[in-house]
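Asks: Quick one: structure below, then a few questions.
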Amino acid sequence: MVVKAIIDHPVADWVYRRANERLSGRALSCAVNARNHLVRAQRIADEGISNTIAYFCATHATEEAVAAFITSAKEHGYRKLAGKVNIRDHAQKAVVAAYVQIIAGYAQDMKLAVAHHSESDDVIARVRIGYADKVYPLGLRLFSFNENGGDPSPEAAFEAFSSLFPSTDEMVERVHKRANFRDQALYAGDEGGPALTRKQLDEGLREHTFLTLGLIWAAMDVTGHTNQEPFVVQTLGAISSVINIVRPPKVCKHCGK
């Protein structure tokens with residue numbers, strides 16, 4: 001019951017309820033569909049129908065959550081930057097999901113811990129700054145790739161991503177491989193049909209459930225931004241730079257424009 005244990009947690013329940021209150025239109029539809037696919041993934045896994053179909057549902061949940069975040073960002077002050085992400089392109093959505101994983105690593109380094117306060121119905125974050133723990137309302141403004149948290153420059157965020165790979169070619173290959181991985185979980189190859197153990201499935205369900213919830217939370221959080229948050233600009237700017245490498249703009253083969 002990997003998915004259920006996570007989405008039934010008070011913090012996850014708070015995220016989903018707030019998302020339903022704040023999101024609208026396509027962003028809301030994508031968020032709802034994302035959570036529904038997580039539930040389907042768990043049910044298919046538990047009923048023993050198919051590990052690969054369960055995994056496919058989990059990966060689709062993450063892609064729908066990416067679409068929810070990008071759509072919400074476009075509608076709430078980040079149209080130019082978020083508009084550079086094509087939510088119909090699997091590779092571009094894979095870049096966004098990969099950044100969420102990087103941010104999760106940063107959160108661990110910050111010793112981030114979150115708790116739901118039932119009386120105020122809010123979520124509080126505790127982070128380690130130096131040798132002391134500080135408590136703040138949970139929000140994207142707590143994060144930054146730059147030493148100066150108010151600096152919106154995306155260079156450090158881009159470096160955080162590109163440093164994961166030994167070369168640019170390897171980065172492109174890995175992004176495309178991640179984008180196509182859900183198809184590899186469904187389609188047969190030269191060596192036979194796809195196979196996924198229950199342990200591998202549970203690890204995938206856990207990963208995609210956290211990714212999905214994080215993206216839905218981010219989609220909800222940006223709805224409350226009265227001004228552009230530097231961290232969101234850093235991240236979207238870096239995502240755009242990676243996408244330009246992974247999916248370079250098409251040019252005319254005759255005139256080169």
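Just so we're on the same page: first chain in the structure tokens is A, next is B, and so on; residues restart at 1 for each chain, and ligands are numbered from 1 in the order they show up.
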Go through segment 61-228 of chain A and collect every residue that DSSP, computed from the backbone, puts in helix (DSSP H, G or I); the answer should be as a VMD selection string.

Replies: chain A and resid 61 to 75 79 to 82 90 to 109 140 to 142 155 to 162 168 to 184 198 to 224

Asks: As a VMD selection string, please: the residues near Leu215 of chain A (cut-off 12 Å, only C-alpha atoms, same-chain neighbours under 6 positions excluded).

Replies: chain A and resid 12 15 to 16 19 27 30 to 31 34 to 35 61 to 73 93 96 to 101 103 to 104 140 208 to 209 221 to 222

Asks: From segment 12-237 of chain A, collect each residue whose DSSP state is strand (DSSP E) and return the set as a ChimeraX atom specification.

Replies: /A:113-117,122-129,132-137

Asks: Can you tell me how far atom CA of Val127 of chain A sits from atom CA of Leu112 of chain A, in Å to one decimal?

Replies: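 Distance between the two atoms: 4.7 Å.
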
Asks: List as a list in words the protein and nucleic acid residues near His37 of chain A, meaning an atom at most 9 Å away when only C-alpha atoms are counted, but skip any in the same chain fewer than 4 places from it.

Replies: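 So, after excluding close chain neighbours, the residues are Val32, Asn33, Ala41, Gln42, Ala54, Cys57, Ala58, Thr59, His60 and Ala61 of chain A.
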
Asks: Those selected residues, please, written with all heavy atoms and delivered as a PDB file, in the first residue's frame.

Replies:
ATOM      1  N   VAL A  32      -6.249  16.664 -10.523  1.00  0.00           N
ATOM      2  CA  VAL A  32      -7.214  15.629 -10.136  1.00  0.00           C
ATOM      3  C   VAL A  32      -6.895  14.326 -10.857  1.00  0.00           C
ATOM      4  O   VAL A  32      -6.887  13.242 -10.254  1.00  0.00           O
ATOM      5  CB  VAL A  32      -8.654  16.081 -10.453  1.00  0.00           C
ATOM      6  CG1 VAL A  32      -9.629  14.926 -10.281  1.00  0.00           C
ATOM      7  CG2 VAL A  32      -9.049  17.251  -9.560  1.00  0.00           C
ATOM      8  N   ASN A  33      -6.600  14.425 -12.145  1.00  0.00           N
ATOM      9  CA  ASN A  33      -6.292  13.221 -12.917  1.00  0.00           C
ATOM     10  C   ASN A  33      -5.000  12.574 -12.433  1.00  0.00           C
ATOM     11  O   ASN A  33      -4.867  11.346 -12.426  1.00  0.00           O
ATOM     12  CB  ASN A  33      -6.179  13.558 -14.405  1.00  0.00           C
ATOM     13  CG  ASN A  33      -6.311  12.330 -15.289  1.00  0.00           C
ATOM     14  OD1 ASN A  33      -7.039  11.396 -14.971  1.00  0.00           O
ATOM     15  ND2 ASN A  33      -5.608  12.327 -16.413  1.00  0.00           N
ATOM     16  N   ALA A  41      -3.006   3.156  -9.925  1.00  0.00           N
ATOM     17  CA  ALA A  41      -1.748   2.401  -9.913  1.00  0.00           C
ATOM     18  C   ALA A  41      -1.706   1.459  -8.715  1.00  0.00           C
ATOM     19  O   ALA A  41      -1.341   0.281  -8.847  1.00  0.00           O
ATOM     20  CB  ALA A  41      -0.564   3.361  -9.882  1.00  0.00           C
ATOM     21  N   GLN A  42      -2.077   1.957  -7.540  1.00  0.00           N
ATOM     22  CA  GLN A  42      -2.061   1.132  -6.343  1.00  0.00           C
ATOM     23  C   GLN A  42      -3.079   0.006  -6.441  1.00  0.00           C
ATOM     24  O   GLN A  42      -2.778  -1.152  -6.083  1.00  0.00           O
ATOM     25  CB  GLN A  42      -2.349   1.980  -5.109  1.00  0.00           C
ATOM     26  CG  GLN A  42      -2.232   1.221  -3.790  1.00  0.00           C
ATOM     27  CD  GLN A  42      -0.778   0.905  -3.455  1.00  0.00           C
ATOM     28  OE1 GLN A  42      -0.036   1.781  -3.049  1.00  0.00           O
ATOM     29  NE2 GLN A  42      -0.371  -0.344  -3.620  1.00  0.00           N
ATOM     30  N   ALA A  54       0.429  -0.870 -13.717  1.00  0.00           N
ATOM     31  CA  ALA A  54       0.443  -0.057 -12.494  1.00  0.00           C
ATOM     32  C   ALA A  54       1.528   1.000 -12.569  1.00  0.00           C
ATOM     33  O   ALA A  54       1.316   2.170 -12.225  1.00  0.00           O
ATOM     34  CB  ALA A  54       0.647  -0.948 -11.273  1.00  0.00           C
ATOM     35  N   CYS A  57       0.596   3.815 -14.951  1.00  0.00           N
ATOM     36  CA  CYS A  57      -0.339   4.767 -14.333  1.00  0.00           C
ATOM     37  C   CYS A  57       0.408   5.745 -13.430  1.00  0.00           C
ATOM     38  O   CYS A  57       0.087   6.935 -13.388  1.00  0.00           O
ATOM     39  CB  CYS A  57      -1.405   4.016 -13.535  1.00  0.00           C
ATOM     40  SG  CYS A  57      -2.641   3.179 -14.539  1.00  0.00           S
ATOM     41  N   ALA A  58       1.413   5.251 -12.692  1.00  0.00           N
ATOM     42  CA  ALA A  58       2.174   6.121 -11.798  1.00  0.00           C
ATOM     43  C   ALA A  58       2.975   7.152 -12.582  1.00  0.00           C
ATOM     44  O   ALA A  58       3.033   8.328 -12.205  1.00  0.00           O
ATOM     45  CB  ALA A  58       3.106   5.281 -10.926  1.00  0.00           C
ATOM     46  N   THR A  59       3.591   6.730 -13.688  1.00  0.00           N
ATOM     47  CA  THR A  59       4.359   7.681 -14.496  1.00  0.00           C
ATOM     48  C   THR A  59       3.434   8.696 -15.154  1.00  0.00           C
ATOM     49  O   THR A  59       3.793   9.869 -15.298  1.00  0.00           O
ATOM     50  CB  THR A  59       5.184   6.965 -15.578  1.00  0.00           C
ATOM     51  OG1 THR A  59       4.319   6.250 -16.468  1.00  0.00           O
ATOM     52  CG2 THR A  59       6.177   5.999 -14.957  1.00  0.00           C
ATOM     53  N   HIS A  60       2.255   8.249 -15.527  1.00  0.00           N
ATOM     54  CA  HIS A  60       1.288   9.188 -16.124  1.00  0.00           C
ATOM     55  C   HIS A  60       0.829  10.209 -15.081  1.00  0.00           C
ATOM     56  O   HIS A  60       0.602  11.382 -15.409  1.00  0.00           O
ATOM     57  CB  HIS A  60       0.084   8.438 -16.688  1.00  0.00           C
ATOM     58  CG  HIS A  60      -0.872   9.332 -17.420  1.00  0.00           C
ATOM     59  ND1 HIS A  60      -0.544   9.948 -18.614  1.00  0.00           N
ATOM     60  CD2 HIS A  60      -2.124   9.754 -17.117  1.00  0.00           C
ATOM     61  CE1 HIS A  60      -1.554  10.701 -19.020  1.00  0.00           C
ATOM     62  NE2 HIS A  60      -2.526  10.592 -18.132  1.00  0.00           N
ATOM     63  N   ALA A  61       0.717   9.785 -13.843  1.00  0.00           N
ATOM     64  CA  ALA A  61       0.355  10.716 -12.770  1.00  0.00           C
ATOM     65  C   ALA A  61       1.375  11.838 -12.669  1.00  0.00           C
ATOM     66  O   ALA A  61       1.019  13.020 -12.544  1.00  0.00           O
ATOM     67  CB  ALA A  61       0.250   9.971 -11.444  1.00  0.00           C
TER      68      ALA A  61
END

Asks: Applying 9 Å and only C-alpha atoms, which residues near segment 236-252 of chain A remain after dropping the ones on its own chain fewer than 4 positions away? List them as a PyMOL selection string.

Replies: chain A and resi 78+81-82+84-85+91-92+95-96+99+152-159+161-162+168+171-173+175-176+231-232+256-257

Asks: Any chance you could export the current selection's N, CA and C atoms as a PDB file, in the first residue's frame?

Replies:
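Saved result, part_35.pdb, follows:
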ATOM      1  N   TYR A  78       3.951  33.648 -14.413  1.00  0.00           N
ATOM      2  CA  TYR A  78       5.171  33.107 -15.005  1.00  0.00           C
ATOM      3  C   TYR A  78       4.930  32.664 -16.453  1.00  0.00           C
ATOM      4  N   LEU A  81       8.103  32.303 -18.995  1.00  0.00           N
ATOM      5  CA  LEU A  81       9.027  31.213 -18.693  1.00  0.00           C
ATOM      6  C   LEU A  81       8.340  29.840 -18.775  1.00  0.00           C
ATOM      7  N   ALA A  82       7.173  29.724 -18.160  1.00  0.00           N
ATOM      8  CA  ALA A  82       6.466  28.442 -18.163  1.00  0.00           C
ATOM      9  C   ALA A  82       5.988  28.084 -19.562  1.00  0.00           C
ATOM     10  N   LYS A  84       7.531  28.148 -22.165  1.00  0.00           N
ATOM     11  CA  LYS A  84       8.588  27.491 -22.952  1.00  0.00           C
ATOM     12  C   LYS A  84       8.573  25.971 -22.789  1.00  0.00           C
ATOM     13  N   VAL A  85       7.741  25.477 -21.879  1.00  0.00           N
ATOM     14  CA  VAL A  85       7.611  24.036 -21.672  1.00  0.00           C
ATOM     15  C   VAL A  85       6.376  23.538 -22.405  1.00  0.00           C
ATOM     16  N   ALA A  91       9.675  14.385 -23.312  1.00  0.00           N
ATOM     17  CA  ALA A  91      11.040  14.713 -22.900  1.00  0.00           C
ATOM     18  C   ALA A  91      11.075  16.003 -22.093  1.00  0.00           C
ATOM     19  N   GLN A  92      10.298  16.996 -22.500  1.00  0.00           N
ATOM     20  CA  GLN A  92      10.277  18.259 -21.768  1.00  0.00           C
ATOM     21  C   GLN A  92       9.666  18.069 -20.384  1.00  0.00           C
ATOM     22  N   VAL A  95      12.188  16.596 -18.059  1.00  0.00           N
ATOM     23  CA  VAL A  95      13.123  17.577 -17.506  1.00  0.00           C
ATOM     24  C   VAL A  95      12.537  18.213 -16.252  1.00  0.00           C
ATOM     25  N   VAL A  96      11.267  18.588 -16.308  1.00  0.00           N
ATOM     26  CA  VAL A  96      10.610  19.199 -15.152  1.00  0.00           C
ATOM     27  C   VAL A  96      10.606  18.225 -13.977  1.00  0.00           C
ATOM     28  N   TYR A  99      13.942  17.936 -12.321  1.00  0.00           N
ATOM     29  CA  TYR A  99      14.255  19.063 -11.443  1.00  0.00           C
ATOM     30  C   TYR A  99      13.578  18.907 -10.086  1.00  0.00           C
ATOM     31  N   PRO A 152      17.301  35.938  -9.035  1.00  0.00           N
ATOM     32  CA  PRO A 152      16.530  35.036  -9.890  1.00  0.00           C
ATOM     33  C   PRO A 152      17.354  34.350 -10.981  1.00  0.00           C
ATOM     34  N   SER A 153      18.644  34.599 -11.050  1.00  0.00           N
ATOM     35  CA  SER A 153      19.492  34.022 -12.099  1.00  0.00           C
ATOM     36  C   SER A 153      19.396  32.492 -12.105  1.00  0.00           C
ATOM     37  N   PRO A 154      19.212  31.872 -13.282  1.00  0.00           N
ATOM     38  CA  PRO A 154      19.038  30.421 -13.353  1.00  0.00           C
ATOM     39  C   PRO A 154      20.327  29.622 -13.521  1.00  0.00           C
ATOM     40  N   GLU A 155      21.483  30.287 -13.566  1.00  0.00           N
ATOM     41  CA  GLU A 155      22.720  29.578 -13.870  1.00  0.00           C
ATOM     42  C   GLU A 155      23.024  28.457 -12.870  1.00  0.00           C
ATOM     43  N   ALA A 156      22.875  28.737 -11.587  1.00  0.00           N
ATOM     44  CA  ALA A 156      23.172  27.718 -10.575  1.00  0.00           C
ATOM     45  C   ALA A 156      22.205  26.547 -10.671  1.00  0.00           C
ATOM     46  N   ALA A 157      20.958  26.838 -10.985  1.00  0.00           N
ATOM     47  CA  ALA A 157      19.969  25.765 -11.141  1.00  0.00           C
ATOM     48  C   ALA A 157      20.300  24.907 -12.357  1.00  0.00           C
ATOM     49  N   PHE A 158      20.757  25.543 -13.421  1.00  0.00           N
ATOM     50  CA  PHE A 158      21.168  24.794 -14.616  1.00  0.00           C
ATOM     51  C   PHE A 158      22.381  23.925 -14.303  1.00  0.00           C
ATOM     52  N   GLU A 159      23.324  24.478 -13.566  1.00  0.00           N
ATOM     53  CA  GLU A 159      24.527  23.730 -13.193  1.00  0.00           C
ATOM     54  C   GLU A 159      24.179  22.534 -12.320  1.00  0.00           C
ATOM     55  N   PHE A 161      21.659  20.689 -12.507  1.00  0.00           N
ATOM     56  CA  PHE A 161      21.156  19.620 -13.371  1.00  0.00           C
ATOM     57  C   PHE A 161      22.270  19.030 -14.232  1.00  0.00           C
ATOM     58  N   SER A 162      22.998  19.902 -14.934  1.00  0.00           N
ATOM     59  CA  SER A 162      24.012  19.428 -15.878  1.00  0.00           C
ATOM     60  C   SER A 162      25.162  18.705 -15.179  1.00  0.00           C
ATOM     61  N   THR A 168      27.256  16.648 -22.141  1.00  0.00           N
ATOM     62  CA  THR A 168      25.965  17.118 -22.649  1.00  0.00           C
ATOM     63  C   THR A 168      25.239  16.002 -23.397  1.00  0.00           C
ATOM     64  N   MET A 171      23.619  13.756 -20.986  1.00  0.00           N
ATOM     65  CA  MET A 171      22.440  14.395 -20.413  1.00  0.00           C
ATOM     66  C   MET A 171      21.247  14.234 -21.340  1.00  0.00           C
ATOM     67  N   VAL A 172      21.447  14.513 -22.622  1.00  0.00           N
ATOM     68  CA  VAL A 172      20.368  14.390 -23.601  1.00  0.00           C
ATOM     69  C   VAL A 172      19.877  12.949 -23.670  1.00  0.00           C
ATOM     70  N   GLU A 173      20.813  12.012 -23.701  1.00  0.00           N
ATOM     71  CA  GLU A 173      20.443  10.597 -23.785  1.00  0.00           C
ATOM     72  C   GLU A 173      19.637  10.160 -22.570  1.00  0.00           C
ATOM     73  N   VAL A 175      17.825  12.026 -20.516  1.00  0.00           N
ATOM     74  CA  VAL A 175      16.499  12.660 -20.495  1.00  0.00           C
ATOM     75  C   VAL A 175      15.559  11.922 -21.435  1.00  0.00           C
ATOM     76  N   HIS A 176      16.030  11.610 -22.630  1.00  0.00           N
ATOM     77  CA  HIS A 176      15.180  10.893 -23.582  1.00  0.00           C
ATOM     78  C   HIS A 176      14.859   9.484 -23.079  1.00  0.00           C
ATOM     79  N   PHE A 231      13.008  31.791  -6.724  1.00  0.00           N
ATOM     80  CA  PHE A 231      13.263  30.368  -6.882  1.00  0.00           C
ATOM     81  C   PHE A 231      12.531  29.789  -8.082  1.00  0.00           C
ATOM     82  N   VAL A 232      11.303  30.218  -8.300  1.00  0.00           N
ATOM     83  CA  VAL A 232      10.539  29.723  -9.447  1.00  0.00           C
ATOM     84  C   VAL A 232      11.173  30.205 -10.744  1.00  0.00           C
ATOM     85  N   GLY A 256      18.328  27.899 -42.683  1.00  0.00           N
ATOM     86  CA  GLY A 256      18.947  27.854 -41.360  1.00  0.00           C
ATOM     87  C   GLY A 256      18.285  28.727 -40.334  1.00  0.00           C
ATOM     88  N   LYS A 257      17.056  29.187 -40.598  1.00  0.00           N
ATOM     89  CA  LYS A 257      16.348  30.060 -39.650  1.00  0.00           C
ATOM     90  C   LYS A 257      15.084  29.362 -39.165  1.00  0.00           C
TER      91      LYS A 257
END
